[in-house]
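> Below is the file model28.cif, with mmCIF, C-alpha atoms.
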```cif
data_upload
loop_
_atom_site.label_atom_id
_atom_site.label_comp_id
_atom_site.auth_asym_id
_atom_site.auth_seq_id
_atom_site.Cartn_x
_atom_site.Cartn_y
_atom_site.Cartn_z
CA MET W 1394 70.77 91.21 115.61
CA ASN W 1395 70.04 93.56 118.51
CA LEU W 1396 73.07 92.21 120.35
CA TYR W 1397 75.29 92.83 117.31
CA ILE W 1398 74.00 96.36 116.86
CA GLY W 1399 74.50 97.11 120.53
CA ARG W 1400 78.05 95.73 120.47
CA GLU W 1401 78.99 97.75 117.36
CA ALA W 1402 77.42 100.89 118.78
CA SER W 1403 79.43 100.44 121.96
CA LYS W 1404 82.65 100.08 119.94
CA LEU W 1405 81.88 103.20 117.92
CA TRP W 1406 81.10 105.17 121.06
CA LYS W 1407 84.37 104.11 122.69
CA ARG W 1408 86.29 105.06 119.58
CA PHE W 1409 84.52 108.41 119.39
CA CYS W 1410 85.35 109.15 123.04
CA ALA W 1411 88.97 108.13 122.49
CA GLU W 1412 89.22 110.39 119.45
CA ILE W 1413 87.70 113.34 121.30
CA SER W 1414 90.13 112.79 124.17
CA THR W 1415 93.07 112.72 121.76
CA GLU W 1416 91.94 115.85 119.91
CA ILE W 1417 91.52 117.71 123.21
CA SER W 1418 95.03 116.69 124.24
CA LEU W 1419 96.39 117.93 120.93
CA LEU W 1420 94.43 121.15 121.31
CA ILE W 1421 95.94 121.75 124.75
CA GLU W 1422 99.41 121.24 123.28
CA ASN W 1423 98.92 123.35 120.13
CA TRP W 1424 96.37 126.03 121.09
CA LYS W 1425 98.97 128.78 120.80
CA TYR W 1426 99.56 128.00 117.12
CA LEU W 1427 95.85 127.90 116.36
CA LEU W 1428 95.19 131.13 118.25
CA GLY W 1429 98.09 132.85 116.52
CA GLY W 1430 96.80 131.77 113.11
CA LEU W 1431 93.28 132.99 113.89
CA ILE W 1432 94.56 136.34 115.21
CA PHE W 1433 96.52 136.82 112.01
CA GLN W 1434 93.32 136.37 110.02
CA TYR W 1435 92.08 139.50 111.78
CA ILE W 1436 95.38 141.29 111.10
CA HIS W 1437 95.08 140.39 107.43
CA GLY W 1438 91.55 141.75 107.39
CA VAL W 1439 92.66 145.01 109.02
CA ALA W 1440 95.47 145.37 106.46
CA ALA W 1441 93.02 144.82 103.59
CA HIS W 1442 90.68 147.38 105.13
CA GLY W 1443 93.51 149.87 105.62
CA VAL W 1444 94.62 149.81 101.99
CA HIS W 1445 91.11 150.90 101.00
CA TYR W 1446 91.87 154.34 102.44
CA ILE W 1447 94.67 154.91 99.91
CA HIS W 1448 92.87 153.35 96.94
CA ARG W 1449 92.26 155.70 94.05
CA PRO W 1450 89.87 154.62 91.29
CA GLY W 1451 90.92 155.00 87.69
CA PRO W 1452 90.54 153.52 84.23
CA ILE W 1453 90.51 149.71 84.21
CA LEU W 1454 93.87 148.36 83.10
CA GLN W 1455 94.27 146.35 79.93
CA ASP W 1456 93.85 142.69 80.82
CA VAL W 1457 94.04 139.55 78.72
CA GLY W 1458 91.57 137.71 80.93
CA PHE W 1459 89.02 140.51 80.53
CA PHE W 1460 89.47 140.27 76.78
CA LEU W 1461 89.03 136.49 76.65
CA LEU W 1462 86.32 135.98 79.26
CA PRO W 1463 82.92 137.67 78.89
CA GLU W 1464 81.89 139.88 81.77
CA LEU W 1465 79.33 138.22 84.04
CA GLY W 1466 77.79 141.49 85.16
CA GLN W 1467 76.70 142.63 88.59
CA ASP W 1468 73.65 140.37 88.61
CA LYS W 1469 75.82 137.24 88.26
CA ALA W 1470 78.81 138.30 90.30
CA TYR W 1471 77.57 136.07 93.12
CA LEU W 1472 78.65 132.94 91.21
CA SER W 1473 82.30 133.18 92.26
CA GLU W 1474 81.35 133.78 95.89
CA THR W 1475 78.95 130.83 95.82
CA LEU W 1476 81.63 128.46 94.55
CA PHE W 1477 84.16 129.79 97.05
CA THR W 1478 81.71 129.32 99.91
CA PHE W 1479 81.09 125.74 98.77
CA ILE W 1480 84.84 124.99 98.65
CA PHE W 1481 85.41 126.59 102.06
CA LEU W 1482 82.56 124.78 103.81
CA SER W 1483 83.40 121.47 102.13
CA PHE W 1484 86.97 121.59 103.41
CA VAL W 1485 85.86 122.52 106.93
CA ALA W 1486 83.30 119.69 106.93
CA TRP W 1487 85.93 117.22 105.69
CA SER W 1488 88.46 118.26 108.32
CA PHE W 1489 85.86 117.76 111.08
CA HIS W 1490 84.20 114.69 109.58
CA PRO W 1491 83.25 111.92 112.07
CA PHE W 1492 86.20 110.55 113.98
CA ILE W 1493 84.79 107.04 113.82
CA LEU W 1494 85.69 106.73 110.14
CA LYS W 1495 88.98 104.89 109.78
CA SER W 1496 89.58 106.55 106.40
CA LYS W 1497 90.52 109.78 108.18
CA LYS W 1498 94.31 109.97 107.91
CA VAL W 1499 95.16 112.93 110.15
CA TYR W 1500 94.01 114.65 113.29
CA THR W 1501 91.89 117.78 112.96
CA VAL W 1502 93.93 119.95 115.35
CA LEU W 1503 97.24 119.12 113.66
CA LEU W 1504 95.73 119.59 110.20
CA TRP W 1505 94.47 123.09 111.01
CA CYS W 1506 97.82 124.05 112.56
CA ARG W 1507 99.38 123.24 109.22
CA VAL W 1508 96.66 124.94 107.16
CA LEU W 1509 96.91 128.13 109.23
CA ALA W 1510 100.70 128.13 108.80
CA PHE W 1511 100.21 128.01 105.02
CA LEU W 1512 97.61 130.79 105.13
CA VAL W 1513 99.71 133.09 107.34
CA ALA W 1514 102.81 132.72 105.14
CA CYS W 1515 100.81 133.50 101.98
CA GLN W 1516 98.94 136.41 103.59
CA ILE W 1517 102.16 138.06 104.78
CA LEU W 1518 103.38 138.09 101.18
CA ARG W 1519 99.98 139.35 100.02
CA ILE W 1520 100.01 142.29 102.46
CA LEU W 1521 103.51 143.30 101.37
CA THR W 1522 102.45 143.09 97.73
CA PHE W 1523 99.24 145.09 97.70
CA TYR W 1524 100.73 147.82 99.91
CA SER W 1525 103.69 148.13 97.53
CA THR W 1526 101.58 149.14 94.53
CA GLN W 1527 97.90 150.10 94.47
CA LEU W 1528 96.10 149.32 91.24
CA PRO W 1529 92.73 150.81 90.30
CA GLY W 1530 90.15 148.20 91.27
CA PRO W 1531 88.24 146.50 88.44
CA ASN W 1532 85.26 145.57 90.63
CA TYR W 1533 82.06 147.52 90.10
CA HIS W 1534 82.09 149.27 93.47
CA CYS W 1535 85.76 150.24 93.01
CA ARG W 1536 85.38 152.03 89.69
CA GLU W 1537 85.27 155.74 89.04
CA GLY W 1538 81.94 157.26 90.03
CA SER W 1539 81.19 154.77 92.81
CA ARG W 1540 80.83 156.28 96.26
CA LEU W 1541 82.40 153.10 97.72
CA ALA W 1542 85.58 153.39 95.64
CA THR W 1543 87.26 155.63 98.21
CA LEU W 1544 87.00 156.07 101.96
CA PRO W 1545 87.37 159.36 103.82
CA PRO W 1546 90.42 159.64 106.06
CA PRO W 1547 89.80 157.91 109.39
CA ASP W 1548 89.24 160.08 112.42
CA ASN W 1549 91.11 157.67 114.66
CA ALA W 1550 92.78 154.27 114.70
CA TYR W 1551 89.59 152.69 115.98
CA GLU W 1552 87.94 153.19 112.59
CA VAL W 1553 90.74 151.27 110.88
CA LEU W 1554 90.81 148.48 113.43
CA LEU W 1555 87.04 148.08 113.47
CA MET W 1556 85.90 146.03 110.50
CA ASN W 1557 82.29 145.56 109.59
CA PHE W 1558 80.62 143.14 107.21
CA ARG W 1559 80.13 145.86 104.61
CA GLY W 1560 83.82 146.72 104.64
CA VAL W 1561 84.80 143.10 104.09
CA LEU W 1562 82.48 142.70 101.09
CA TYR W 1563 83.17 146.06 99.48
CA GLY W 1564 86.91 146.47 99.94
CA CYS W 1565 89.15 147.99 97.27
CA GLY W 1566 92.89 148.08 96.66
CA ASP W 1567 93.85 144.63 98.00
CA LEU W 1568 94.39 143.09 94.57
CA ILE W 1569 97.72 141.35 94.12
CA PHE W 1570 97.22 138.61 94.89
CA SER W 1571 93.77 137.05 95.27
CA SER W 1572 92.83 136.10 98.83
CA HIS W 1573 90.10 133.79 97.53
CA MET W 1574 92.71 131.84 95.59
CA ILE W 1575 94.95 131.60 98.66
CA PHE W 1576 92.25 129.80 100.62
CA THR W 1577 91.15 127.73 97.64
CA LEU W 1578 94.64 126.48 96.73
CA VAL W 1579 95.67 125.84 100.35
CA PHE W 1580 92.53 123.76 100.89
CA VAL W 1581 92.94 121.87 97.61
CA ARG W 1582 96.60 121.09 98.22
CA SER W 1583 95.83 119.96 101.79
CA TYR W 1584 93.17 117.55 100.58
CA GLN W 1585 95.48 116.41 97.78
CA LYS W 1586 97.99 115.26 100.43
CA TYR W 1587 95.73 114.08 103.25
CA GLY W 1588 92.48 113.17 101.49
CA THR W 1589 91.63 109.62 100.49
CA GLN W 1590 89.19 109.94 97.57
CA ARG W 1591 90.95 110.25 94.21
CA PHE W 1592 87.81 111.48 92.45
CA ILE W 1593 87.39 114.32 94.95
CA LYS W 1594 91.04 115.31 94.49
CA HIS W 1595 90.53 115.69 90.74
CA LEU W 1596 87.24 117.50 91.32
CA ALA W 1597 88.89 119.90 93.79
CA TRP W 1598 91.50 120.96 91.23
CA LEU W 1599 88.75 121.44 88.65
CA PHE W 1600 86.87 123.67 91.10
CA ALA W 1601 90.07 125.69 91.67
CA VAL W 1602 90.37 126.33 87.93
CA ILE W 1603 86.69 127.27 87.65
CA GLN W 1604 87.05 129.55 90.68
CA SER W 1605 89.93 131.34 88.95
CA LEU W 1606 87.90 131.91 85.79
CA LEU W 1607 84.85 133.12 87.72
CA ILE W 1608 86.92 135.64 89.69
CA ILE W 1609 88.23 137.14 86.46
CA ALA W 1610 84.87 137.00 84.67
CA SER W 1611 83.15 138.76 87.58
CA ARG W 1612 85.88 141.46 87.42
CA LYS W 1613 86.78 141.09 91.07
CA HIS W 1614 90.47 140.77 90.25
CA TYR W 1615 92.81 141.28 87.35
CA THR W 1616 94.21 138.18 85.70
CA VAL W 1617 97.63 138.91 87.20
CA ASP W 1618 96.14 138.63 90.70
CA VAL W 1619 95.00 135.08 89.98
CA VAL W 1620 98.13 134.01 88.08
CA VAL W 1621 100.44 135.25 90.84
CA ALA W 1622 98.32 133.42 93.40
CA TRP W 1623 98.66 130.13 91.54
CA TYR W 1624 102.45 129.98 91.58
CA THR W 1625 103.01 131.87 94.86
CA VAL W 1626 100.65 129.76 96.98
CA ASN W 1627 101.92 126.49 95.54
CA LEU W 1628 105.54 127.46 96.15
CA VAL W 1629 104.85 128.72 99.66
CA VAL W 1630 102.93 125.58 100.61
CA PHE W 1631 105.71 123.41 99.17
CA PHE W 1632 108.52 125.09 101.13
CA VAL W 1633 106.56 125.55 104.37
CA ASP W 1634 105.34 121.96 104.29
CA LYS W 1635 108.89 120.76 103.67
CA ASN W 1636 110.12 122.48 106.84
CA LEU W 1637 107.28 121.37 109.10
CA PRO W 1638 107.27 117.99 110.87
CA GLU W 1639 105.14 115.41 109.09
CA LEU W 1640 101.73 114.69 110.55
CA PRO W 1641 101.23 111.26 112.17
CA ASP W 1642 99.19 108.97 109.92
CA ARG W 1643 96.27 107.40 111.76
CA THR W 1644 95.90 104.64 109.16
CA ASN W 1645 99.47 103.29 109.40
CA GLY W 1646 99.75 102.54 113.08
CA ALA W 1647 101.12 105.97 113.95
CA ALA W 1648 97.91 106.97 115.63
CA LEU W 1649 97.96 108.67 118.98
CA LEU W 1650 94.92 106.81 120.20
CA PRO W 1651 95.23 104.44 123.15
CA LEU W 1652 94.81 100.78 122.28
CA SER W 1653 91.76 98.91 123.45
CA THR W 1654 92.08 95.86 125.72
CA LYS W 1655 91.43 93.51 122.78
CA GLU W 1656 94.05 95.26 120.63
CA ARG W 1657 96.62 95.14 123.45
CA ASP W 1658 96.00 91.41 123.99
CA ALA W 1659 96.33 90.73 120.27
CA LYS W 1660 99.57 92.70 120.12
CA SER W 1661 100.99 90.84 123.14
CA ARG W 1662 100.11 87.45 121.62
CA ASP W 1663 101.75 88.44 118.35
CA GLU W 1664 104.95 89.53 120.10
CA SER W 1665 105.03 86.32 122.16
CA HIS W 1666 104.56 84.25 119.03
CA LYS W 1667 107.47 86.00 117.35
CA LEU W 1668 109.74 85.45 120.36
CA LEU W 1669 108.88 81.75 120.56
CA ASN W 1670 109.75 81.33 116.87
CA GLY W 1671 113.07 83.07 117.33
CA ASN W 1672 112.04 86.19 115.40
CA SER W 1673 112.63 89.77 116.42
CA VAL W 1674 109.67 91.71 117.70
CA ASP W 1675 110.91 94.70 115.73
CA PRO W 1676 108.87 94.69 112.50
CA THR W 1677 111.81 96.26 110.63
CA ASP W 1678 113.96 93.20 111.38
CA ARG W 1679 112.70 90.61 108.90
CA ARG W 1680 115.65 88.19 109.09
CA GLN W 1681 114.69 84.59 109.70
CA ARG W 1682 116.65 83.07 112.52
CA THR W 1683 117.25 79.37 113.04
CA GLN W 1684 118.01 77.91 116.44
CA VAL W 1685 120.92 75.43 116.47
CA ASN W 1686 122.30 73.84 119.67
CA GLY W 1687 120.57 76.53 121.73
CA LYS W 1688 122.10 79.37 119.70
CA ILE W 1689 120.64 81.68 117.08
CA PRO W 1690 123.15 82.83 114.47
CA GLU W 1691 122.96 86.56 113.72
CA ASP W 1692 123.13 86.15 109.95
CA GLY W 1693 119.95 84.06 109.96
CA ASN W 1694 121.62 81.10 108.14
CA ALA W 1695 121.34 77.59 109.49
CA VAL W 1696 124.52 76.07 110.87
CA HIS W 1697 125.15 72.47 109.78
CA VAL W 1698 127.03 70.47 112.35
CA ASN W 1699 129.01 67.48 111.11
CA THR W 1700 128.51 64.64 113.62
CA THR W 1701 130.70 62.13 111.73
CA PRO W 1702 133.81 61.32 113.76
#
```
Would you kindly transcribe this structure into structure tokens?


Amino acid sequence: MNLYIGREASKLWKRFCAEISTEISLLIENWKYLLGGLIFQYIHGVAAHGVHYIHRPGPILQDVGFFLLPELGQDKAYLSETLFTFIFLSFVAWSFHPFILKSKKVYTVLLWCRVLAFLVACQILRILTFYSTQLPGPNYHCREGSRLATLPPPDNAYEVLLMNFRGVLYGCGDLIFSSHMIFTLVFVRSYQKYGTQRFIKHLAWLFAVIQSLLIIASRKHYTVDVVVAWYTVNLVVFFVDKNLPELPDRTNGAALLPLSTKERDAKSRDESHKLLNGNSVDPTDRRQRTQVNGKIPEDGNAVHVNTTP
């Protein structure tokens, strides 16, 4: 038993080291894309902070979602943030889950390159949208009478570029469309394509719907902000994903990992066996070939030789 455990532990350790080596190689190749995506997250934050300076509070607009969904109130507004935090951390944990699990279909570095591409494309459209028209914020700190609803003109550019935690939580004016729904839908769609558990896929879409309802019920966004996010993010992800190269699938032999000595020997024996039987090594060539008089016909049909004089 101890010998078996030691052997399996050694195999897992070798696989873990191989995975780490592969991820580092991919990181060296793709660090520019990851860095660019992360820098744009800051740019998006600065843009959201900047629009707060031109926000003007006013009467809350008529909204069907506000009419249908009861208002949670300030004491329960944390519910939407709690669910969003759970979705965010769950996706991050899944994308970095142990490399030793063979159920993992894609590489972490390549997955996040794709996710950041989706986020950047959606956030560019979001910035253009909420700077085009500023709506009076429905959130409690954005309403008339709140000292946080407006910001005094900045003294210099440094004030705009410098974001603090308070500014992120109590921003106003960046409404159409919901940033929370951008992250939620990008994460859900990514797991829908690259995840392996069907139950979790269904649960993720359910969480996305609940997240939408909680955002409206907590009055953090108008219903239009959530509705626009649903069709915009899905369309953007569809078209961006269509124009990006497909990720290599680790479970279908397209892995970038080096083969172990045992796997190389097994592969060599299999290729030798195919050659001895007159079969092509190429797995796409499934034609059966029959050797007759030292020749192998290309059409794979046996040649009958008439020996009768």

> Would you mind telling me which residue in W:Phe1631, W:Tyr1533, W:Phe1484, W:Phe1460 lies nearest to Lys1613 in chain W when using all atoms listed in the file?

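Smallest distance to Lys1613 in chain W is found for W:Tyr1533.
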
> Write out as a ChimeraX atom specification each polymer residue whose atoms come within 7 Å of Asn1532 in chain W, counting all atoms listed in the file; drop sequence neighbours fewer than 2 positions from it.

/W:1530,1534-1536,1612-1613

> Report as an NGL selection string the residues that result from applying the PyMOL selection byres ((chain W and resi 1553) around 7) to the structure here.

:W and (1439 or 1442-1443 or 1547 or 1550-1552 or 1554-1555)

> Could you state the separation of CA of Val1633 in chain W and CA of Arg1591 in chain W in Å, given to one decimal place?

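CA of Arg1591 in chain W lies at a distance of 24.1 Å from CA of Val1633 in chain W.
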
> Tell me, in Å to one decimal, how far CA of Gln1585 in chain W is from CA of Leu1431 in chain W.

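Between CA of Gln1585 in chain W and CA of Leu1431 in chain W the gap works out to 23.2 Å.
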
> With distances taken over only C-alpha atoms, which of W:Ile1436, W:Ala1542, W:Leu1509, W:Cys1515 is nearest to His1448 in chain W?

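The closest residue to His1448 in chain W is W:Ala1542.
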
> Expand the PyMOL selection byres ((chain W and resi 1544) around 6) into the individual residues it matches in the shown file, reporting them as a PyMOL selection string.

chain W and resi 1446+1543+1545

> Where does range 1412-1505 of chain W meet range 1564-1581 of chain W within 10 Å, residue by residue, with the nearest atom pair and distance in Å to one decimal for each, counting only C-alpha atoms, listed by chain and rising number, as CSV?


```
residue,atom,partner,partner_atom,distance
W:His1437,CA,W:Ser1572,CA,9.9
W:Gly1438,CA,W:Gly1564,CA,10.0
W:Ala1440,CA,W:Asp1567,CA,8.6
W:Ala1441,CA,W:Asp1567,CA,5.7
W:His1442,CA,W:Gly1564,CA,6.5
W:Gly1443,CA,W:Gly1566,CA,9.2
W:Val1444,CA,W:Gly1566,CA,5.9
W:His1445,CA,W:Cys1565,CA,5.1
W:Tyr1446,CA,W:Gly1566,CA,8.6
W:Ile1447,CA,W:Gly1566,CA,7.8
W:His1448,CA,W:Gly1566,CA,5.3
W:Arg1449,CA,W:Gly1566,CA,8.1
W:Pro1450,CA,W:Cys1565,CA,9.0
W:Ser1473,CA,W:His1573,CA,9.4
W:Glu1474,CA,W:His1573,CA,8.9
W:Phe1477,CA,W:His1573,CA,7.2
W:Thr1478,CA,W:His1573,CA,9.8
W:Ile1480,CA,W:Thr1577,CA,7.0
W:Phe1481,CA,W:Thr1577,CA,7.3
W:Ser1483,CA,W:Phe1580,CA,9.5
W:Phe1484,CA,W:Phe1580,CA,6.5
W:Val1485,CA,W:Phe1580,CA,9.1
```

> Apply the PyMOL selection byres ((chain W and resi 1620) around 10) to the displayed file and report the matching residues as a PDB file with C-alpha atoms, in the coordinates of the input.


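Written output follows (expr.pdb):
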```
ATOM      1  CA  ILE W1569      97.720 141.350  94.120  1.00  0.00           C
ATOM      2  CA  PHE W1570      97.220 138.610  94.890  1.00  0.00           C
ATOM      3  CA  SER W1571      93.770 137.050  95.270  1.00  0.00           C
ATOM      4  CA  MET W1574      92.710 131.840  95.590  1.00  0.00           C
ATOM      5  CA  SER W1605      89.930 131.340  88.950  1.00  0.00           C
ATOM      6  CA  TYR W1615      92.810 141.280  87.350  1.00  0.00           C
ATOM      7  CA  THR W1616      94.210 138.180  85.700  1.00  0.00           C
ATOM      8  CA  VAL W1617      97.630 138.910  87.200  1.00  0.00           C
ATOM      9  CA  ASP W1618      96.140 138.630  90.700  1.00  0.00           C
ATOM     10  CA  VAL W1619      95.000 135.080  89.980  1.00  0.00           C
ATOM     11  CA  VAL W1621     100.440 135.250  90.840  1.00  0.00           C
ATOM     12  CA  ALA W1622      98.320 133.420  93.400  1.00  0.00           C
ATOM     13  CA  TRP W1623      98.660 130.130  91.540  1.00  0.00           C
ATOM     14  CA  TYR W1624     102.450 129.980  91.580  1.00  0.00           C
ATOM     15  CA  THR W1625     103.010 131.870  94.860  1.00  0.00           C
TER      16      THR W1625
END
```

> When you draw a straight line from CA of Gly1458 in chain W to CA of Pro1531 in chain W, how long is it in Å?

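Here the two named atoms are 12.0 Å from each other.
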
> With only C-alpha atoms as the basis for distance, which of W:Asp1642, W:Asp1634, W:Asp1468, W:Glu1537 is at the shortest distance from Gly1588 in chain W?

W:Asp1642

> Name the residues in contact with Trp1487 in chain W at a cut-off of 10 Å, using all atoms listed in the file, excluding same-chain residues fewer than 5 positions from it; report them as an mmCIF file with C-alpha atoms, in the coordinates of the input.


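Written file, result_28.cif:
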```cif
data_model
loop_
_atom_site.group_PDB
_atom_site.id
_atom_site.type_symbol
_atom_site.label_atom_id
_atom_site.label_comp_id
_atom_site.auth_asym_id
_atom_site.auth_seq_id
_atom_site.Cartn_x
_atom_site.Cartn_y
_atom_site.Cartn_z
ATOM 1 C CA LEU W 1482 82.560 124.780 103.810
ATOM 2 C CA LYS W 1497 90.520 109.780 108.180
ATOM 3 C CA THR W 1501 91.890 117.780 112.960
ATOM 4 C CA TYR W 1584 93.170 117.550 100.580
ATOM 5 C CA GLY W 1588 92.480 113.170 101.490
#
```

> Hey, which of W:Glu1412, W:Asp1456, W:Asp1548, W:Glu1639 ends up closest to Ala1610 in chain W? Count all atoms listed in the file.

W:Asp1456

> Nearest residue to Leu1428 in chain W out of W:Leu1465, W:Ala1601, W:Ala1486, W:Ala1510, using all atoms listed in the file?

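For Leu1428 in chain W, the nearest of the candidates is W:Ala1510.
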
> My list of candidates is W:Leu1528, W:Phe1433, W:Phe1409, W:Lys1404. Which is closest to Gln1516 in chain W when distances are computed with only C-alpha atoms?

W:Phe1433
